[in-house]
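Participant: Let me begin by handing over the structure; questions about it come next.
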Amino acid sequence: MWLSEVMLQQTTVAAVKPYFAKFIARWPNVAALAAAPEDEVMAAWAGLGYYSRARNLVACAREVAALGRFPHTERDLRALPGLGAYTAAAVAAIAFGERAVVIDANVERVVARLYAVTDPLPAARKALYKLTDQITPASRSGDFAQAMMDIGSGICTSRDPQCQICPLADLCAARKQGDPARFPVKPAKKATPTRQGTAFWIERGNKVWLVTRAGKGMLGGMRALPDDGWRASGDGTCKAPIKGTWQPVGLVRHSFTHFALELTVSRYASETVPQLQNGEWWPLDRLEAAGLPTLFAKAARLARAQD
DNA sequence: AAAGCGTGGTT
DNA sequence: TAACCAAGCTT
């Protein structure tokens with residue numbers, strides 16, 4: 001349950017399913033995951049996004065392995081890496097039968113509508129916690145939480161709530177007002193800027209040069225193509241890792257949470273590549289196993305289409 | 001406490 | 001299609 005909850009953070013069930021199956025097959029229990037090399041777990045997570053979750057997953061598995069078992073209280077669960085307010089409460093309530101106030105985006109939406117909370121998020125969170133606490137039963141709070149989340153995901157949906165089939169319709173203040181979809185009130189979102197960058201495909205024989213990105217920050221800890229940091233100035237100039245003849249390969253467009261990226265891909269293929277540092281030559285015939293995040297998988301596809 | 005952090009699907 | 005959305009956590 002812990003693994004599925006972590007994978008499902010900000011991620012759809014459809015996206016999680018194959019990853020969950022793969023992880024359970026490869027690391028069937030916490031001890032196996034605790035013993036796994038971190039880079040293998042990172043590579044297995046490639047494509048799922050929010051890679052700090054994978055780092056925290058390993059750290060959490062190691063703490064739990066050292067403890068001998070998962071803590072059973074919300075407070076102690078909350079102290080584990082990668083378990084925030086929601087996940088700690090959900091695991092405590094659902095897995096261990098502790099009374100906990102479980103609030104995810106679904107519960108937040110249902111409660112905001114039930115009480116027609118007009119304060120915008122995130123300021124309304126304290127009030128929403130109090131309201132959810134008031135309606136959470138002393139026993140079987142995990143079942144209550146799952147019921148609320150099911151209503152939120154299947155009936156009280158963000159855009160088109162199905163009040164006709166909602167068991168809470170008669171109690172719902174937002175429905176009485178006539179426009180439940182306007183809750184919860186959210187602040188306007190900022191426009192996402194576009195950045196430009198260049199990635200370098202360096203090929204020698206049947207191998208490509210890959211680096212491992214810094215532990216924190218964008219795509220932290222993931223294997224990647226070398227790049228220019230995506231901060232090319234307006235003139236588009238950037239420094240290539242080696243001197244020589246570079247071929248333009250194309251442009252990859254990719255959207256992240258807070259900016260979009262236009263990544264120019266540049267290719268250098270030769271049997272005589274100068275000495276490179278801080279990376280590894282990776283066999284092209286098993287590039288999938290490198291665990292490239294989607295951005296670089298797109299760039300690699302483009303570069304290989306040149307052949 | 002506001003911002004950083006992925007990706008794929010839907011509208 | 002650009003914007004929005006989906007079972008948040010960390011600093």
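Each chain in the structure tokens gets a letter, A, B, ..., in the order shown, and its residues are numbered from 1; ligands are numbered from 1 in order too.
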Residues of chain C within 10 Å of chain A, using only C-alpha atoms (C1' of nucleotides), as JSON, numbers by chain?

Facilitator: {"C": [3, 5, 6, 7, 8, 9, 10]}

Participant: Those selected residues, please, written with N, CA, C and O atoms (P, O5', C5', C4', C3', O3' and C1' of nucleotides) and delivered as a PDB file, in the first residue's frame.

Facilitator:
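Generated output (again_28.pdb):
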ATOM      1  P    DA C   3      -1.863  28.925 -22.202  1.00  0.00           P
ATOM      2  O5'  DA C   3      -2.924  28.106 -21.350  1.00  0.00           O
ATOM      3  C5'  DA C   3      -4.310  28.255 -21.639  1.00  0.00           C
ATOM      4  C4'  DA C   3      -5.093  27.348 -20.732  1.00  0.00           C
ATOM      5  C3'  DA C   3      -4.567  27.300 -19.298  1.00  0.00           C
ATOM      6  O3'  DA C   3      -5.646  27.480 -18.414  1.00  0.00           O
ATOM      7  C1'  DA C   3      -4.724  25.104 -20.197  1.00  0.00           C
ATOM      8  P    DC C   5      -8.141  22.856 -13.222  1.00  0.00           P
ATOM      9  O5'  DC C   5      -7.932  21.287 -13.218  1.00  0.00           O
ATOM     10  C5'  DC C   5      -8.703  20.490 -14.117  1.00  0.00           C
ATOM     11  C4'  DC C   5      -8.146  19.096 -14.120  1.00  0.00           C
ATOM     12  C3'  DC C   5      -7.799  18.565 -12.732  1.00  0.00           C
ATOM     13  O3'  DC C   5      -8.463  17.336 -12.556  1.00  0.00           O
ATOM     14  C1'  DC C   5      -6.021  18.194 -14.261  1.00  0.00           C
ATOM     15  P    DA C   6      -8.769  16.823 -11.049  1.00  0.00           P
ATOM     16  O5'  DA C   6      -7.740  15.615 -10.896  1.00  0.00           O
ATOM     17  C5'  DA C   6      -7.828  14.498 -11.755  1.00  0.00           C
ATOM     18  C4'  DA C   6      -6.746  13.530 -11.350  1.00  0.00           C
ATOM     19  C3'  DA C   6      -6.303  13.699  -9.893  1.00  0.00           C
ATOM     20  O3'  DA C   6      -6.979  12.702  -9.112  1.00  0.00           O
ATOM     21  C1'  DA C   6      -4.420  13.621 -11.393  1.00  0.00           C
ATOM     22  P    DA C   7      -7.776  13.260  -7.853  1.00  0.00           P
ATOM     23  O5'  DA C   7      -6.708  12.916  -6.750  1.00  0.00           O
ATOM     24  C5'  DA C   7      -6.675  11.578  -6.251  1.00  0.00           C
ATOM     25  C4'  DA C   7      -5.552  11.534  -5.235  1.00  0.00           C
ATOM     26  C3'  DA C   7      -4.165  11.686  -5.842  1.00  0.00           C
ATOM     27  O3'  DA C   7      -3.305  12.239  -4.834  1.00  0.00           O
ATOM     28  C1'  DA C   7      -4.397   9.562  -4.893  1.00  0.00           C
ATOM     29  P    DG C   8      -2.891  13.791  -5.018  1.00  0.00           P
ATOM     30  O5'  DG C   8      -1.480  13.787  -4.279  1.00  0.00           O
ATOM     31  C5'  DG C   8      -1.389  14.161  -2.912  1.00  0.00           C
ATOM     32  C4'  DG C   8       0.043  13.895  -2.509  1.00  0.00           C
ATOM     33  C3'  DG C   8       0.389  14.402  -1.123  1.00  0.00           C
ATOM     34  O3'  DG C   8       1.342  13.497  -0.575  1.00  0.00           O
ATOM     35  C1'  DG C   8       1.604  15.613  -2.755  1.00  0.00           C
ATOM     36  P    DC C   9       1.976  13.811   0.872  1.00  0.00           P
ATOM     37  O5'  DC C   9       3.450  14.292   0.506  1.00  0.00           O
ATOM     38  C5'  DC C   9       4.277  13.432  -0.280  1.00  0.00           C
ATOM     39  C4'  DC C   9       5.667  14.033  -0.400  1.00  0.00           C
ATOM     40  C3'  DC C   9       6.210  14.582   0.918  1.00  0.00           C
ATOM     41  O3'  DC C   9       7.544  14.133   1.077  1.00  0.00           O
ATOM     42  C1'  DC C   9       6.214  16.276  -0.745  1.00  0.00           C
ATOM     43  P    DT C  10       8.416  14.648   2.331  1.00  0.00           P
ATOM     44  O5'  DT C  10       9.265  15.856   1.726  1.00  0.00           O
ATOM     45  C5'  DT C  10      10.017  15.646   0.532  1.00  0.00           C
ATOM     46  C4'  DT C  10      10.789  16.915   0.192  1.00  0.00           C
ATOM     47  C3'  DT C  10      11.487  17.565   1.397  1.00  0.00           C
ATOM     48  O3'  DT C  10      12.824  17.859   1.019  1.00  0.00           O
ATOM     49  C1'  DT C  10      10.122  19.156   0.284  1.00  0.00           C
TER      50       DT C  10
END

Participant: Pick out the chain A residues within 7 Å of chain B. Count only C-alpha atoms (C1' of nucleotides). Give them as an NGL selection string.

Facilitator: :A and (48-50 or 218 or 256-257)

Participant: Next, dump the selected residues to file, keeping only all heavy atoms, as a CSV table (one decimal), in the first residue's frame.

Facilitator:
chain,number,residue,atom,x,y,z
A,48,LEU,N,8.0,8.0,-14.9
A,48,LEU,CA,6.9,8.3,-14.0
A,48,LEU,C,6.9,9.7,-13.4
A,48,LEU,O,5.8,10.2,-13.0
A,48,LEU,CB,6.9,7.2,-12.9
A,48,LEU,CG,5.7,7.0,-12.1
A,48,LEU,CD1,4.5,6.7,-13.0
A,48,LEU,CD2,5.8,5.9,-11.1
A,49,GLY,N,8.0,10.3,-13.4
A,49,GLY,CA,8.0,11.7,-13.0
A,49,GLY,C,8.3,11.9,-11.5
A,49,GLY,O,8.2,10.9,-10.7
A,50,TYR,N,8.5,13.1,-11.1
A,50,TYR,CA,8.8,13.5,-9.7
A,50,TYR,C,9.8,12.5,-9.1
A,50,TYR,O,9.4,11.7,-8.2
A,50,TYR,CB,7.5,13.5,-8.9
A,50,TYR,CG,6.6,14.8,-9.2
A,50,TYR,CD1,5.2,14.6,-9.4
A,50,TYR,CD2,7.2,16.0,-9.3
A,50,TYR,CE1,4.5,15.7,-9.7
A,50,TYR,CE2,6.4,17.1,-9.6
A,50,TYR,CZ,5.0,17.0,-9.8
A,50,TYR,OH,4.3,18.1,-10.0
A,218,MET,N,16.0,19.6,-11.1
A,218,MET,CA,15.3,19.0,-12.2
A,218,MET,C,15.8,17.6,-12.6
A,218,MET,O,17.0,17.5,-12.9
A,218,MET,CB,15.3,19.9,-13.5
A,218,MET,CG,14.4,21.1,-13.4
A,218,MET,SD,12.7,20.7,-13.2
A,218,MET,CE,12.4,19.8,-14.8
A,256,PHE,N,7.2,21.0,-18.5
A,256,PHE,CA,7.3,20.6,-17.1
A,256,PHE,C,6.3,21.3,-16.3
A,256,PHE,O,5.5,22.1,-16.9
A,256,PHE,CB,8.7,20.9,-16.5
A,256,PHE,CG,9.8,20.2,-17.2
A,256,PHE,CD1,10.7,20.8,-18.1
A,256,PHE,CD2,10.0,18.8,-16.9
A,256,PHE,CE1,11.7,20.1,-18.7
A,256,PHE,CE2,11.1,18.1,-17.6
A,256,PHE,CZ,11.9,18.7,-18.4
A,257,THR,N,6.3,21.1,-15.0
A,257,THR,CA,5.3,21.8,-14.2
A,257,THR,C,5.3,23.3,-14.3
A,257,THR,O,4.3,24.0,-14.4
A,257,THR,CB,5.4,21.4,-12.7
A,257,THR,OG1,5.5,20.0,-12.6
A,257,THR,CG2,4.3,21.9,-11.8

Participant: Extract the full set of strand (DSSP E) residues from region 115-247 of chain A according to DSSP on the backbone, and format it as a VMD selection string.

Facilitator: chain A and resid 194 to 204 207 to 212 223 to 224 247

Participant: Take the residues from that selection and write them out as a short mmCIF file (atom, residue, chain, number, x, y, z; two decimals), in the first residue's frame, keeping C-alpha atoms.

Facilitator:
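Output contents, as saved in result_8.cif:
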data_model
loop_
_atom_site.label_atom_id
_atom_site.label_comp_id
_atom_site.auth_asym_id
_atom_site.auth_seq_id
_atom_site.Cartn_x
_atom_site.Cartn_y
_atom_site.Cartn_z
CA THR A 194 9.58 28.78 -22.10
CA ARG A 195 13.27 28.04 -21.83
CA GLN A 196 15.67 27.00 -24.53
CA GLY A 197 18.49 24.51 -24.27
CA THR A 198 20.68 22.07 -26.12
CA ALA A 199 21.33 18.39 -25.50
CA PHE A 200 24.32 16.57 -26.95
CA TRP A 201 24.18 13.12 -28.51
CA ILE A 202 27.73 11.80 -28.60
CA GLU A 203 28.06 8.44 -30.32
CA ARG A 204 31.07 6.19 -30.70
CA LYS A 207 27.57 3.41 -27.59
CA VAL A 208 26.35 6.81 -26.48
CA TRP A 209 27.76 9.06 -23.77
CA LEU A 210 25.41 9.45 -20.80
CA VAL A 211 25.80 11.47 -17.63
CA THR A 212 24.02 11.26 -14.27
CA ARG A 223 20.75 9.42 -16.29
CA ALA A 224 20.63 11.95 -19.09
CA GLN A 247 25.02 17.94 -36.79
#

Participant: What residues in region 143-305 of chain A get the DSSP label helix (DSSP H, G or I)? Please answer as an MDAnalysis selection string.

Facilitator: chainID A and resid 143:154 163:165 169:171 173:177 180:182 284:290 294:304

Participant: Near region 292-302 of chain A, within 9 Å and counting only C-alpha atoms (C1' of nucleotides), which residues show up once chain neighbours fewer than 3 positions away are dropped, as a VMD selection string?

Facilitator: (chain A and resid 43 45 to 49 199 201 219 222 to 225 249 to 255 263 to 265 287 to 289 305 to 306) or (chain B and resid 6 to 7)

Participant: Quick one: write out the picked residues with N, CA, C and O atoms (P, O5', C5', C4', C3', O3' and C1' of nucleotides) as a compact mmCIF listing (two decimals), in the first residue's frame?

Facilitator:
# COMPACT_ATOMS: atom_id res chain seq x y z
N ALA A 43 16.37 4.27 -12.15
CA ALA A 43 16.19 3.89 -13.56
C ALA A 43 14.83 3.22 -13.77
O ALA A 43 14.17 3.45 -14.79
N TRP A 45 12.21 3.87 -12.18
CA TRP A 45 11.17 4.89 -12.01
C TRP A 45 11.07 5.79 -13.25
O TRP A 45 10.12 6.55 -13.41
N ALA A 46 12.06 5.71 -14.13
CA ALA A 46 12.15 6.62 -15.29
C ALA A 46 10.85 6.65 -16.08
O ALA A 46 10.31 5.60 -16.43
N GLY A 47 10.36 7.84 -16.35
CA GLY A 47 9.13 8.02 -17.10
C GLY A 47 7.93 8.31 -16.23
O GLY A 47 6.90 8.79 -16.71
N LEU A 48 8.04 8.03 -14.93
CA LEU A 48 6.90 8.25 -14.03
C LEU A 48 6.87 9.66 -13.45
O LEU A 48 5.83 10.15 -13.03
N GLY A 49 8.02 10.33 -13.44
CA GLY A 49 8.05 11.71 -13.00
C GLY A 49 8.27 11.91 -11.50
O GLY A 49 8.23 10.95 -10.73
N ALA A 199 20.83 19.66 -26.01
CA ALA A 199 21.33 18.39 -25.50
C ALA A 199 22.28 17.80 -26.54
O ALA A 199 22.10 18.04 -27.73
N TRP A 201 24.15 14.56 -28.25
CA TRP A 201 24.18 13.12 -28.51
C TRP A 201 25.57 12.79 -29.04
O TRP A 201 25.92 13.19 -30.16
N LEU A 219 14.97 16.60 -12.66
CA LEU A 219 15.37 15.25 -13.08
C LEU A 219 16.57 14.76 -12.26
O LEU A 219 17.41 14.02 -12.76
N MET A 222 18.93 11.35 -12.21
CA MET A 222 18.59 10.50 -13.36
C MET A 222 19.71 10.53 -14.40
O MET A 222 20.41 11.52 -14.58
N ARG A 223 19.84 9.41 -15.13
CA ARG A 223 20.75 9.42 -16.29
C ARG A 223 20.18 10.36 -17.34
O ARG A 223 18.96 10.53 -17.45
N ALA A 224 21.07 10.94 -18.13
CA ALA A 224 20.63 11.95 -19.09
C ALA A 224 21.67 12.12 -20.19
O ALA A 224 22.80 11.64 -20.06
N LEU A 225 21.28 12.81 -21.24
CA LEU A 225 22.26 13.28 -22.20
C LEU A 225 22.94 14.50 -21.60
O LEU A 225 22.30 15.25 -20.85
N VAL A 249 20.06 17.88 -35.12
CA VAL A 249 19.18 16.70 -35.21
C VAL A 249 17.72 17.10 -35.22
O VAL A 249 16.89 16.48 -35.86
N GLY A 250 17.40 18.14 -34.45
CA GLY A 250 16.01 18.56 -34.38
C GLY A 250 15.71 19.22 -33.05
O GLY A 250 16.61 19.54 -32.28
N LEU A 251 14.43 19.42 -32.79
CA LEU A 251 13.98 20.13 -31.60
C LEU A 251 12.97 19.27 -30.84
O LEU A 251 12.05 18.71 -31.44
N VAL A 252 13.16 19.18 -29.54
CA VAL A 252 12.20 18.48 -28.68
C VAL A 252 11.46 19.51 -27.84
O VAL A 252 12.10 20.33 -27.18
N ARG A 253 10.14 19.46 -27.88
CA ARG A 253 9.34 20.32 -27.00
C ARG A 253 8.82 19.48 -25.85
O ARG A 253 8.30 18.40 -26.07
N HIS A 254 8.99 20.00 -24.65
CA HIS A 254 8.57 19.24 -23.48
C HIS A 254 8.09 20.20 -22.39
O HIS A 254 8.73 21.22 -22.15
N SER A 255 6.98 19.88 -21.77
CA SER A 255 6.44 20.76 -20.73
C SER A 255 6.65 20.18 -19.36
O SER A 255 6.29 19.03 -19.10
N LEU A 263 14.19 22.02 -26.57
CA LEU A 263 15.53 21.43 -26.48
C LEU A 263 16.06 21.10 -27.87
O LEU A 263 15.54 20.22 -28.56
N THR A 264 17.10 21.81 -28.26
CA THR A 264 17.78 21.51 -29.52
C THR A 264 18.68 20.30 -29.30
O THR A 264 19.38 20.22 -28.30
N VAL A 265 18.61 19.34 -30.22
CA VAL A 265 19.45 18.15 -30.08
C VAL A 265 20.56 18.22 -31.13
O VAL A 265 20.30 18.45 -32.31
N LEU A 287 19.53 0.79 -24.52
CA LEU A 287 19.34 2.16 -24.04
C LEU A 287 18.12 2.28 -23.11
O LEU A 287 18.11 3.09 -22.20
N GLU A 288 17.12 1.43 -23.34
CA GLU A 288 15.92 1.48 -22.48
C GLU A 288 16.30 1.26 -21.02
O GLU A 288 15.71 1.84 -20.12
N ALA A 289 17.30 0.41 -20.81
CA ALA A 289 17.69 0.08 -19.43
C ALA A 289 18.41 1.23 -18.73
O ALA A 289 18.62 1.18 -17.53
N ALA A 305 16.98 8.42 -34.95
CA ALA A 305 16.27 8.41 -36.24
C ALA A 305 17.16 8.90 -37.36
O ALA A 305 16.85 8.76 -38.54
N GLN A 306 18.33 9.47 -36.99
CA GLN A 306 19.27 9.96 -38.00
C GLN A 306 19.92 8.82 -38.77
O GLN A 306 20.36 9.00 -39.89
P DG B 6 11.43 16.52 -11.34
O5' DG B 6 10.04 16.85 -12.07
C5' DG B 6 9.95 16.83 -13.45
C4' DG B 6 9.49 15.48 -13.93
C3' DG B 6 9.32 15.38 -15.44
O3' DG B 6 9.57 14.02 -15.78
C1' DG B 6 7.22 15.18 -14.41
P DT B 7 9.66 13.61 -17.32
O5' DT B 7 8.17 13.22 -17.63
C5' DT B 7 7.60 12.10 -16.94
C4' DT B 7 6.13 12.04 -17.19
C3' DT B 7 5.70 12.20 -18.65
O3' DT B 7 5.40 10.90 -19.14
C1' DT B 7 4.20 13.24 -17.11

Participant: In Å, how far is it from CA of Thr245 (chain A) to CA of Gly279 (chain A)?

Facilitator: 20.8 Å

Participant: Provide the CA of Leu261 (chain A) to CA of Trp230 (chain A) distance in Å, to one decimal place.

Facilitator: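 These atoms are spaced 7.8 Å apart.
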
Participant: Fewer than 4 positions away in the same chain doesn't count, so skip those; otherwise give me all residues within 12 Å of Glu38 (chain A), counting only C-alpha atoms (C1' of nucleotides), as number ranges by chain.

Facilitator: A: 32-34, 42-45, 51-62, 215, 221-222
